[in-house]
>>> print(open('structure22.csv').read())   # CSV, C-alpha atoms
chain,number,residue,atom,x,y,z
A,280,MET,CA,0.0,0.0,0.0
A,281,LYS,CA,1.2,3.5,-0.8
A,282,ILE,CA,2.2,6.0,1.8
A,283,ALA,CA,3.4,9.6,1.5
A,284,ALA,CA,4.7,12.3,3.9
A,285,TYR,CA,4.3,16.0,4.3
A,286,LEU,CA,7.8,17.3,5.2
A,287,ASN,CA,8.0,20.8,6.5
A,288,ALA,CA,11.3,22.5,5.6
A,289,GLY,CA,11.5,24.1,9.0
A,290,SER,CA,14.3,26.4,10.0
A,291,ASN,CA,17.1,24.3,8.7
A,292,PHE,CA,16.8,23.5,5.0
A,293,GLY,CA,19.8,21.2,5.0
A,294,ALA,CA,18.2,19.1,7.7
A,295,ALA,CA,15.0,19.0,5.7
A,296,LEU,CA,16.9,17.6,2.7
A,297,ASP,CA,18.3,14.9,5.0
A,298,LEU,CA,14.8,14.0,6.0
A,299,VAL,CA,13.7,13.8,2.3
A,300,ARG,CA,16.6,11.5,1.6
A,301,ARG,CA,15.6,9.4,4.5
A,302,ALA,CA,12.0,9.3,3.3
A,303,GLU,CA,13.2,7.9,0.0
A,304,THR,CA,15.3,5.2,1.7
A,305,LEU,CA,12.3,4.3,3.9
A,306,GLY,CA,10.2,3.6,0.8
A,307,TYR,CA,7.8,6.6,0.9
A,308,GLU,CA,5.9,6.9,-2.4
A,309,SER,CA,6.1,10.8,-2.4
A,310,VAL,CA,6.8,13.8,-0.3
A,311,TRP,CA,4.5,16.9,-0.1
A,312,VAL,CA,4.8,20.4,1.0
A,313,THR,CA,2.5,23.2,1.9
A,314,HIS,CA,2.7,26.7,0.3
A,315,GLY,CA,0.6,29.3,2.3
A,316,GLY,CA,2.7,31.6,4.3
A,317,GLY,CA,6.0,29.8,4.0
A,318,ARG,CA,8.6,29.1,1.3
A,319,ASP,CA,7.6,28.9,-2.3
A,320,SER,CA,6.6,25.2,-2.7
A,321,PHE,CA,7.8,24.9,-6.3
A,322,GLY,CA,11.3,25.9,-5.2
A,323,VAL,CA,11.3,23.6,-2.2
A,324,LEU,CA,10.1,20.7,-4.3
A,325,GLN,CA,12.8,21.4,-6.9
A,326,ALA,CA,15.4,21.0,-4.1
A,327,TYR,CA,13.6,17.9,-2.7
A,328,GLY,CA,13.5,16.3,-6.1
A,329,ALA,CA,17.3,16.8,-6.6
A,330,ALA,CA,18.0,15.4,-3.2
A,331,ALA,CA,15.8,12.3,-3.7
A,332,PRO,CA,15.7,11.4,-7.4
A,333,ARG,CA,13.1,8.6,-7.1
A,334,LEU,CA,10.5,10.2,-4.9
A,335,GLY,CA,7.2,11.5,-6.1
A,336,LEU,CA,6.6,15.2,-5.4
A,337,GLY,CA,3.5,17.2,-4.6
A,338,ASN,CA,2.5,20.7,-3.4
A,339,GLY,CA,-0.6,20.7,-1.2
A,340,VAL,CA,-1.6,23.3,-2.0
A,341,VAL,CA,-0.9,26.5,-4.0
A,342,PRO,CA,-3.6,29.2,-3.6
A,343,ILE,CA,-5.1,30.1,-7.0
A,344,TYR,CA,-6.1,33.8,-6.5
A,345,PRO,CA,-2.5,35.3,-6.3
A,346,ARG,CA,-1.3,33.4,-9.3
A,347,HIS,CA,-2.7,33.5,-12.8
A,348,PRO,CA,-3.4,30.0,-14.3
A,349,VAL,CA,-0.9,30.6,-17.0
A,350,SER,CA,1.8,31.5,-14.5
A,351,MET,CA,0.8,28.4,-12.5
A,352,ALA,CA,1.0,26.3,-15.7
A,353,GLN,CA,4.5,27.6,-16.4
A,354,ALA,CA,5.8,26.8,-12.9
A,355,ALA,CA,4.1,23.3,-12.9
A,356,LEU,CA,5.5,22.4,-16.3
A,357,THR,CA,9.0,23.6,-15.5
A,358,LEU,CA,9.1,21.6,-12.2
A,359,SER,CA,7.6,18.5,-14.0
A,360,GLU,CA,10.3,18.7,-16.6
A,361,MET,CA,13.1,19.2,-14.1
A,362,THR,CA,11.9,16.2,-12.0
A,363,GLY,CA,11.2,13.8,-14.8
A,364,GLY,CA,7.4,13.8,-14.5
A,365,ARG,CA,7.4,13.1,-10.7
A,366,PHE,CA,5.4,16.2,-9.8
A,367,ARG,CA,1.7,16.5,-8.9
A,368,LEU,CA,0.1,19.9,-8.8
A,369,GLY,CA,-2.2,20.7,-5.8
A,370,ILE,CA,-4.2,23.9,-6.0
A,371,GLY,CA,-6.9,25.5,-3.7
A,372,VAL,CA,-8.9,28.6,-3.1
A,373,SER,CA,-7.3,29.2,0.4
A,374,HIS,CA,-9.2,31.3,2.9
A,375,ARG,CA,-10.8,34.7,3.1
A,376,ALA,CA,-8.5,35.9,5.8
A,377,SER,CA,-5.4,34.9,3.8
A,378,MET,CA,-6.6,36.3,0.5
A,379,GLU,CA,-8.5,39.4,1.5
A,380,LYS,CA,-7.0,40.6,4.8
A,381,GLN,CA,-3.4,39.6,4.1
A,382,LEU,CA,-3.1,40.1,0.3
A,383,GLY,CA,-5.9,42.5,-0.5
A,384,LEU,CA,-7.4,40.1,-3.1
A,385,GLU,CA,-11.1,39.3,-3.4
A,386,LEU,CA,-12.0,35.7,-2.8
A,387,ARG,CA,-15.1,35.6,-5.0
A,388,GLU,CA,-17.3,32.8,-6.3
A,389,PRO,CA,-14.7,30.1,-5.3
A,390,LEU,CA,-16.5,27.2,-7.1
A,391,ALA,CA,-17.0,29.1,-10.4
A,392,THR,CA,-13.5,30.6,-10.3
A,393,MET,CA,-11.9,27.2,-9.6
A,394,ARG,CA,-13.9,25.6,-12.5
A,395,GLU,CA,-12.6,28.2,-14.9
A,396,TYR,CA,-9.1,28.2,-13.4
A,397,VAL,CA,-8.7,24.4,-14.1
A,398,ALA,CA,-10.0,24.8,-17.6
A,399,VAL,CA,-7.4,27.5,-18.4
A,400,LEU,CA,-4.7,25.6,-16.6
A,401,ARG,CA,-5.3,22.3,-18.5
A,402,GLY,CA,-5.2,24.2,-21.8
A,403,ALA,CA,-2.1,26.0,-20.8
A,404,MET,CA,-0.4,22.8,-19.8
A,405,GLY,CA,-1.6,21.1,-23.0
A,406,GLU,CA,-1.8,22.4,-26.6
A,407,GLY,CA,-2.7,25.9,-25.5
A,408,THR,CA,-5.7,27.8,-24.2
A,409,ASN,CA,-8.3,30.1,-25.9
A,410,PHE,CA,-10.7,30.6,-23.1
A,411,GLN,CA,-13.4,33.3,-22.6
A,412,GLY,CA,-15.2,33.1,-19.3
A,413,ARG,CA,-16.6,35.2,-16.5
A,414,HIS,CA,-13.4,35.2,-14.5
A,415,TYR,CA,-10.7,34.5,-17.0
A,416,ARG,CA,-10.1,35.5,-20.7
A,417,VAL,CA,-7.0,33.9,-22.0
A,418,GLN,CA,-5.2,33.2,-25.3
A,419,TRP,CA,-1.9,31.6,-24.6
A,420,THR,CA,0.5,28.8,-25.8
A,421,LEU,CA,3.7,27.6,-24.2
A,422,GLN,CA,6.7,28.6,-26.4
A,423,VAL,CA,9.2,25.8,-25.9
A,424,PRO,CA,10.7,23.4,-28.5
A,425,GLN,CA,9.4,20.3,-26.7
A,426,ARG,CA,6.4,20.3,-24.3
A,427,PRO,CA,7.2,19.0,-20.8
A,428,PRO,CA,4.9,16.3,-19.3
A,429,ALA,CA,1.8,17.9,-17.8
A,430,PRO,CA,1.3,17.0,-14.1
A,431,PRO,CA,-2.0,15.7,-12.8
A,432,ILE,CA,-4.1,18.4,-11.0
A,433,TYR,CA,-5.4,17.8,-7.5
A,434,LEU,CA,-7.9,20.2,-5.8
A,435,ALA,CA,-7.8,21.1,-2.1
A,436,THR,CA,-11.3,20.2,-0.8
A,437,LEU,CA,-13.2,20.9,2.4
A,438,SER,CA,-16.8,21.6,1.6
A,439,PRO,CA,-19.1,19.0,-0.1
A,440,LYS,CA,-19.5,21.2,-3.1
A,441,MET,CA,-15.7,21.6,-3.6
A,442,CYS,CA,-15.4,17.8,-3.2
A,443,GLU,CA,-18.0,17.3,-5.9
A,444,LEU,CA,-16.2,19.8,-8.2
A,445,ALA,CA,-12.8,18.0,-7.6
A,446,GLY,CA,-14.5,14.7,-8.6
A,447,GLU,CA,-15.8,16.2,-11.7
A,448,ILE,CA,-12.8,18.2,-13.1
A,449,ALA,CA,-9.7,17.1,-11.3
A,450,ASP,CA,-7.4,14.1,-11.2
A,451,GLY,CA,-7.5,13.9,-7.4
A,452,ALA,CA,-8.2,15.7,-4.2
A,453,ILE,CA,-6.2,16.8,-1.2
A,454,LEU,CA,-7.7,16.8,2.3
A,455,TRP,CA,-6.2,18.7,5.2
A,456,LEU,CA,-7.4,18.2,8.8
A,457,CYS,CA,-10.4,16.2,7.8
A,458,SER,CA,-11.2,13.3,10.2
A,459,PRO,CA,-11.6,9.8,8.8
A,460,ALA,CA,-15.3,10.0,9.6
A,461,TYR,CA,-15.6,13.2,7.5
A,462,VAL,CA,-13.7,11.5,4.6
A,463,ARG,CA,-16.0,8.5,4.7
A,464,ASP,CA,-19.4,10.2,5.3
A,465,VAL,CA,-19.0,13.5,3.4
A,466,ALA,CA,-16.0,13.7,1.2
A,467,VAL,CA,-15.9,10.4,-0.6
A,468,PRO,CA,-19.7,10.4,-1.4
A,469,ALA,CA,-19.2,13.9,-2.8
A,470,PHE,CA,-16.2,12.8,-4.9
A,471,GLU,CA,-18.4,10.0,-6.3
A,472,ARG,CA,-21.2,12.4,-7.2
A,473,GLY,CA,-18.7,14.6,-9.1
A,474,ARG,CA,-17.2,11.6,-10.9
A,475,ARG,CA,-20.6,10.4,-12.0
A,476,ARG,CA,-21.4,13.9,-13.4
A,477,ALA,CA,-18.2,13.5,-15.5
A,478,GLY,CA,-19.1,10.0,-16.5
A,479,LYS,CA,-16.2,8.5,-14.5
A,480,THR,CA,-15.7,6.4,-11.4
A,481,LEU,CA,-13.4,6.7,-8.4
A,482,ALA,CA,-11.1,4.0,-9.8
A,483,ASP,CA,-8.6,6.5,-11.2
A,484,PHE,CA,-9.1,9.3,-8.7
A,485,GLU,CA,-6.4,9.9,-6.1
A,486,VAL,CA,-7.6,10.9,-2.6
A,487,VAL,CA,-4.6,12.3,-0.6
A,488,ALA,CA,-5.1,13.1,3.1
A,489,ALA,CA,-2.7,14.7,5.4
A,490,VAL,CA,-2.5,12.5,8.5
A,491,PRO,CA,-1.3,14.5,11.6
A,492,LEU,CA,0.8,12.2,13.8
A,493,ALA,CA,3.3,12.1,16.6
A,494,VAL,CA,4.9,8.9,17.8
A,495,THR,CA,6.1,9.9,21.2
A,496,ASP,CA,6.8,8.8,24.8
A,497,ASP,CA,5.4,12.1,26.0
A,498,PRO,CA,1.8,12.2,24.8
A,499,ALA,CA,0.7,14.9,27.2
A,500,GLY,CA,3.4,17.4,26.2
A,501,THR,CA,3.1,16.5,22.5
A,502,GLY,CA,-0.7,16.7,22.6
A,503,LYS,CA,-0.4,20.2,24.0
A,504,ALA,CA,1.8,21.2,21.1
A,505,PHE,CA,-0.7,19.7,18.7
A,506,ARG,CA,-3.6,21.6,20.2
A,507,GLY,CA,-1.7,24.8,20.0
A,508,GLU,CA,-1.0,24.1,16.3
A,509,LEU,CA,-4.8,23.6,15.7
A,510,THR,CA,-5.9,26.9,17.2
A,511,ARG,CA,-5.6,28.9,14.0
A,512,TYR,CA,-7.6,26.4,12.1
A,513,LEU,CA,-10.5,26.7,14.5
A,514,GLN,CA,-10.7,30.4,13.6
A,515,GLN,CA,-11.1,29.8,9.8
A,516,PRO,CA,-14.7,29.6,8.5
A,517,PHE,CA,-14.0,26.9,5.9
A,518,TYR,CA,-12.4,24.6,8.5
A,519,ARG,CA,-15.1,25.4,11.1
A,520,ALA,CA,-17.8,24.4,8.6
A,521,MET,CA,-16.1,21.1,7.9
A,522,MET,CA,-15.7,20.5,11.7
A,523,GLU,CA,-19.4,21.2,12.2
A,524,LEU,CA,-20.2,18.6,9.6
A,525,SER,CA,-17.8,16.3,11.4
A,526,GLY,CA,-19.9,16.5,14.6
A,527,LEU,CA,-17.5,18.8,16.4
A,528,GLY,CA,-19.9,21.7,16.9
A,529,GLU,CA,-20.0,21.5,20.7
A,530,ALA,CA,-16.2,21.5,20.8
A,531,LEU,CA,-16.1,24.6,18.5
A,532,ARG,CA,-18.4,26.4,20.9
A,533,ALA,CA,-16.2,25.4,23.8
A,534,PHE,CA,-13.2,26.9,21.9
A,535,ASP,CA,-15.1,30.1,21.3
A,536,ALA,CA,-15.8,30.4,25.0
A,537,SER,CA,-12.3,29.6,26.3
A,538,GLY,CA,-9.9,30.2,23.4
A,539,GLU,CA,-8.4,26.8,24.1
A,540,THR,CA,-8.5,23.9,21.7
A,541,PRO,CA,-10.5,21.1,23.3
A,542,GLU,CA,-8.8,17.7,23.6
A,543,GLY,CA,-11.7,16.1,21.6
A,544,VAL,CA,-10.9,18.2,18.5
A,545,ALA,CA,-7.2,17.0,18.7
A,546,GLU,CA,-8.3,13.4,19.1
A,547,ALA,CA,-10.6,13.6,16.1
A,548,LEU,CA,-8.1,15.3,13.8
A,549,GLY,CA,-4.8,13.6,14.7
A,550,ALA,CA,-3.1,10.9,16.6
A,551,VAL,CA,-0.5,11.3,19.4
A,552,GLY,CA,0.9,8.3,21.3
A,553,ASP,CA,2.6,5.1,20.5
A,554,ALA,CA,3.1,3.4,17.2
A,555,ALA,CA,0.0,1.2,17.5
A,556,THR,CA,-2.1,4.4,18.0
A,557,GLY,CA,-0.7,5.9,14.9
A,558,ARG,CA,-1.0,2.8,12.8
A,559,ALA,CA,-4.7,2.5,13.7
A,560,TYR,CA,-5.3,6.1,12.7
A,561,VAL,CA,-3.7,5.6,9.3
A,562,LYS,CA,-5.8,2.5,8.8
A,563,ALA,CA,-8.9,4.5,9.6
A,564,TYR,CA,-8.1,6.8,6.7
A,565,ARG,CA,-7.5,4.0,4.3
A,566,ASP,CA,-10.8,2.3,5.4
A,567,ALA,CA,-12.6,5.7,4.8
A,568,GLY,CA,-11.5,5.8,1.2
A,569,VAL,CA,-8.1,7.6,1.2
A,570,THR,CA,-5.9,6.2,-1.5
A,571,LEU,CA,-2.7,8.0,-0.4
A,572,PRO,CA,-2.4,8.8,3.3
A,573,ALA,CA,0.4,11.5,3.8
A,574,ILE,CA,2.0,11.3,7.2
A,575,ARG,CA,2.3,14.8,8.6
A,576,PRO,CA,4.5,14.8,11.7
A,577,ILE,CA,3.0,17.5,13.8
A,578,THR,CA,4.7,20.9,14.4
A,579,PHE,CA,8.2,21.3,13.0
A,580,PRO,CA,11.3,19.1,12.2
A,581,ASP,CA,13.2,20.2,15.3
A,582,ALA,CA,10.5,18.5,17.5
A,583,PRO,CA,11.8,15.4,19.2
A,584,TRP,CA,9.1,13.2,17.8
A,585,TYR,CA,9.3,14.4,14.1
A,586,ARG,CA,11.9,12.1,12.7
A,587,ARG,CA,10.8,9.2,14.8
A,588,THR,CA,7.3,9.6,13.5
A,589,LEU,CA,8.5,9.6,9.9
A,590,GLU,CA,10.5,6.5,10.4
A,591,GLU,CA,7.9,4.5,12.4
A,592,ALA,CA,5.1,5.3,9.9
A,593,ALA,CA,7.0,4.2,6.8
A,594,THR,CA,5.7,0.7,6.8
A,595,TRP,CA,2.1,1.3,7.9
>>> encode(input="structure22.csv", output="structure tokens")
Amino acid sequence: MKIAAYLNAGSNFGAALDLVRRAETLGYESVWVTHGGGRDSFGVLQAYGAAAPRLGLGNGVVPIYPRHPVSMAQAALTLSEMTGGRFRLGIGVSHRASMEKQLGLELREPLATMREYVAVLRGAMGEGTNFQGRHYRVQWTLQVPQRPPAPPIYLATLSPKMCELAGEIADGAILWLCSPAYVRDVAVPAFERGRRRAGKTLADFEVVAAVPLAVTDDPAGTGKAFRGELTRYLQQPFYRAMMELSGLGEALRAFDASGETPEGVAEALGAVGDAATGRAYVKAYRDAGVTLPAIRPITFPDAPWYRRTLEEAATW
């Protein structure tokens, strides 16, 4: 069975490259990175690809609003070419606070915008695009002697409607902080509805899920670190809506009252403890319909449990 890993570059890029090499030795199928407020994921993956020449690579995910689909296509095709076709492109709409408050962009009509974005992106990574829509009007063709391999496109999904759209127009989906129960009861049925709309099945649709884990001898201290990491997600409307559908509404209201992340939220969205606890959590994702669980050691690479978690989980 396939298994992947999210590897945060952290404060020491050289140490991160060592972790990537270790992941390749351990037999991981691919390594993934986030983009958001950190380093540029295309640059990080270029370095990861050079350090580990057999590993698959994926960014999960790049926000679409700050980057025109043609610019996204150029970056994706370049990285795909440089890594011999090992790259998978993950894109998402991000969050209103990130796009509007931080960048001054308008996060408008996310479903309609994403539908047009993917249409332009596929054309730009293929034979060229001549697209006239509500959000994008593009005429463009890549000017290189030999076209690089186009990577598959995965959508970041939280809401049922975005899950349906991913099933309809994408090659896969990327789930972040979605519990196994949410994957089973909400996301996978929505993927199926989207696939049926496109006349397809889930057979060739990749479902990637970040799996927050820590294999540790100090579950109390590590759990506290994980709850601290979760705090900012409990303040984001898209994540809150997903958690409400996951049956965590009471816990969200407890958070609103206290400002402290309840233990029940952390227990639903990650696993902290011994190897058996982590292995059972990964199995729950596979049983829910995830085709590629991506181990995400919680917090940062300098945490004492980070490398241990990566090594323990490689065979799960």
>>> residues_near_point(input="structure22.csv", point="(-5.7, 29.1, -5.4)", cutoff="12 Å", atoms="only C-alpha atoms", output="PyMOL selection string")
chain A and resi 314-315+338-348+351+368-375+377-378+384-387+389-390+392-397+400+433-436
>>> closest_residue(input="structure22.csv", among="A:Met404, A:Ile432, A:Ala545, A:Ala398", to="Leu456 in chain A", atoms="all atoms listed in the file")
A:Ala545
>>> closest_residue(input="structure22.csv", among="A:Ile448, A:Leu509, A:Ala593, A:Val494", to="Phe534 in chain A", atoms="only C-alpha atoms")
A:Leu509
>>> closest_residue(input="structure22.csv", among="A:Glu539, A:Asp553, A:Asp497, A:Asp464", to="Thr510 in chain A", atoms="only C-alpha atoms")
A:Glu539
>>> residues_around(input="structure22.csv", residues="Thr556 in chain A", least_positions_apart="5", cutoff="10 Å", atoms="all atoms listed in the file", output="ChimeraX atom specification")
/A:492-494,550-551,561
>>> closest_residue(input="structure22.csv", among="A:Ala288, A:Ala504, A:Leu444, A:Leu358", to="Ala329 in chain A", atoms="all atoms listed in the file")
A:Leu358
>>> residues_near_point(input="structure22.csv", point="(6.4, 19.8, 7.0)", cutoff="12 Å", atoms="only C-alpha atoms", output="ChimeraX atom specification")
/A:283-292,294-296,298-299,310-314,317-318,320,323-324,338-339,489-492,573-582,585-586,589
>>> write_last_selection(input="structure22.csv", atoms="C-alpha atoms", output="compact mmCIF listing (two decimals), in the frame of the given file")
# COMPACT_ATOMS: atom_id res chain seq x y z
CA ALA A 283 3.40 9.60 1.50
CA ALA A 284 4.70 12.30 3.90
CA TYR A 285 4.30 16.00 4.30
CA LEU A 286 7.80 17.30 5.20
CA ASN A 287 8.00 20.80 6.50
CA ALA A 288 11.30 22.50 5.60
CA GLY A 289 11.50 24.10 9.00
CA SER A 290 14.30 26.40 10.00
CA ASN A 291 17.10 24.30 8.70
CA PHE A 292 16.80 23.50 5.00
CA ALA A 294 18.20 19.10 7.70
CA ALA A 295 15.00 19.00 5.70
CA LEU A 296 16.90 17.60 2.70
CA LEU A 298 14.80 14.00 6.00
CA VAL A 299 13.70 13.80 2.30
CA VAL A 310 6.80 13.80 -0.30
CA TRP A 311 4.50 16.90 -0.10
CA VAL A 312 4.80 20.40 1.00
CA THR A 313 2.50 23.20 1.90
CA HIS A 314 2.70 26.70 0.30
CA GLY A 317 6.00 29.80 4.00
CA ARG A 318 8.60 29.10 1.30
CA SER A 320 6.60 25.20 -2.70
CA VAL A 323 11.30 23.60 -2.20
CA LEU A 324 10.10 20.70 -4.30
CA ASN A 338 2.50 20.70 -3.40
CA GLY A 339 -0.60 20.70 -1.20
CA ALA A 489 -2.70 14.70 5.40
CA VAL A 490 -2.50 12.50 8.50
CA PRO A 491 -1.30 14.50 11.60
CA LEU A 492 0.80 12.20 13.80
CA ALA A 573 0.40 11.50 3.80
CA ILE A 574 2.00 11.30 7.20
CA ARG A 575 2.30 14.80 8.60
CA PRO A 576 4.50 14.80 11.70
CA ILE A 577 3.00 17.50 13.80
CA THR A 578 4.70 20.90 14.40
CA PHE A 579 8.20 21.30 13.00
CA PRO A 580 11.30 19.10 12.20
CA ASP A 581 13.20 20.20 15.30
CA ALA A 582 10.50 18.50 17.50
CA TYR A 585 9.30 14.40 14.10
CA ARG A 586 11.90 12.10 12.70
CA LEU A 589 8.50 9.60 9.90
>>> atom_distance(input="structure22.csv", atom1="CA of Leu421 in chain A", atom2="CA of Leu356 in chain A")
9.6 Å
>>> closest_residue(input="structure22.csv", among="A:Leu437, A:Gly337, A:Gln418, A:Gly322", to="Pro516 in chain A", atoms="only C-alpha atoms")
A:Leu437
>>> decode(input="structure22.csv", residues="range 516-540 of chain A", atoms="N, CA and C atoms", output="mmCIF file, in the first residue's frame")
data_model
loop_
_atom_site.group_PDB
_atom_site.id
_atom_site.type_symbol
_atom_site.label_atom_id
_atom_site.label_comp_id
_atom_site.auth_asym_id
_atom_site.auth_seq_id
_atom_site.Cartn_x
_atom_site.Cartn_y
_atom_site.Cartn_z
ATOM 1 N N PRO A 516 -13.298 30.069 8.811
ATOM 2 C CA PRO A 516 -14.672 29.644 8.505
ATOM 3 C C PRO A 516 -14.773 28.344 7.719
ATOM 4 N N PHE A 517 -13.924 28.126 6.708
ATOM 5 C CA PHE A 517 -14.015 26.903 5.909
ATOM 6 C C PHE A 517 -13.747 25.669 6.777
ATOM 7 N N TYR A 518 -12.728 25.753 7.648
ATOM 8 C CA TYR A 518 -12.432 24.624 8.525
ATOM 9 C C TYR A 518 -13.531 24.428 9.563
ATOM 10 N N ARG A 519 -14.060 25.523 10.071
ATOM 11 C CA ARG A 519 -15.133 25.407 11.056
ATOM 12 C C ARG A 519 -16.365 24.723 10.448
ATOM 13 N N ALA A 520 -16.690 25.075 9.203
ATOM 14 C CA ALA A 520 -17.839 24.431 8.553
ATOM 15 C C ALA A 520 -17.599 22.935 8.410
ATOM 16 N N MET A 521 -16.387 22.555 8.047
ATOM 17 C CA MET A 521 -16.064 21.138 7.932
ATOM 18 C C MET A 521 -16.167 20.445 9.288
ATOM 19 N N MET A 522 -15.682 21.104 10.333
ATOM 20 C CA MET A 522 -15.734 20.500 11.662
ATOM 21 C C MET A 522 -17.164 20.376 12.174
ATOM 22 N N GLU A 523 -18.016 21.341 11.835
ATOM 23 C CA GLU A 523 -19.436 21.229 12.193
ATOM 24 C C GLU A 523 -20.038 19.975 11.560
ATOM 25 N N LEU A 524 -19.729 19.752 10.271
ATOM 26 C CA LEU A 524 -20.240 18.564 9.589
ATOM 27 C C LEU A 524 -19.614 17.279 10.132
ATOM 28 N N SER A 525 -18.497 17.428 10.838
ATOM 29 C CA SER A 525 -17.824 16.270 11.435
ATOM 30 C C SER A 525 -18.351 15.959 12.830
ATOM 31 N N GLY A 526 -19.350 16.716 13.284
ATOM 32 C CA GLY A 526 -19.907 16.481 14.614
ATOM 33 C C GLY A 526 -19.131 17.137 15.737
ATOM 34 N N LEU A 527 -18.317 18.161 15.416
ATOM 35 C CA LEU A 527 -17.498 18.823 16.426
ATOM 36 C C LEU A 527 -18.056 20.191 16.827
ATOM 37 N N GLY A 528 -19.337 20.408 16.591
ATOM 38 C CA GLY A 528 -19.937 21.703 16.873
ATOM 39 C C GLY A 528 -19.809 22.123 18.330
ATOM 40 N N GLU A 529 -20.071 21.209 19.265
ATOM 41 C CA GLU A 529 -19.971 21.549 20.687
ATOM 42 C C GLU A 529 -18.543 21.915 21.061
ATOM 43 N N ALA A 530 -17.584 21.211 20.486
ATOM 44 C CA ALA A 530 -16.184 21.516 20.766
ATOM 45 C C ALA A 530 -15.812 22.893 20.224
ATOM 46 N N LEU A 531 -16.345 23.257 19.068
ATOM 47 C CA LEU A 531 -16.082 24.589 18.524
ATOM 48 C C LEU A 531 -16.633 25.671 19.435
ATOM 49 N N ARG A 532 -17.813 25.453 19.974
ATOM 50 C CA ARG A 532 -18.388 26.447 20.871
ATOM 51 C C ARG A 532 -17.607 26.529 22.187
ATOM 52 N N ALA A 533 -17.071 25.405 22.620
ATOM 53 C CA ALA A 533 -16.205 25.427 23.794
ATOM 54 C C ALA A 533 -14.941 26.229 23.515
ATOM 55 N N PHE A 534 -14.409 26.074 22.315
ATOM 56 C CA PHE A 534 -13.240 26.863 21.923
ATOM 57 C C PHE A 534 -13.573 28.352 21.890
ATOM 58 N N ASP A 535 -14.725 28.700 21.337
ATOM 59 C CA ASP A 535 -15.121 30.110 21.268
ATOM 60 C C ASP A 535 -15.222 30.720 22.662
ATOM 61 N N ALA A 536 -15.635 29.921 23.623
ATOM 62 C CA ALA A 536 -15.818 30.426 24.985
ATOM 63 C C ALA A 536 -14.497 30.546 25.735
ATOM 64 N N SER A 537 -13.579 29.619 25.459
ATOM 65 C CA SER A 537 -12.349 29.564 26.264
ATOM 66 C C SER A 537 -11.094 30.016 25.533
ATOM 67 N N GLY A 538 -11.111 29.915 24.174
ATOM 68 C CA GLY A 538 -9.906 30.189 23.405
ATOM 69 C C GLY A 538 -8.908 29.048 23.417
ATOM 70 N N GLU A 539 -9.265 27.942 24.066
ATOM 71 C CA GLU A 539 -8.392 26.775 24.150
ATOM 72 C C GLU A 539 -8.946 25.650 23.275
ATOM 73 N N THR A 540 -8.082 25.011 22.496
ATOM 74 C CA THR A 540 -8.516 23.904 21.656
ATOM 75 C C THR A 540 -8.868 22.696 22.516
#
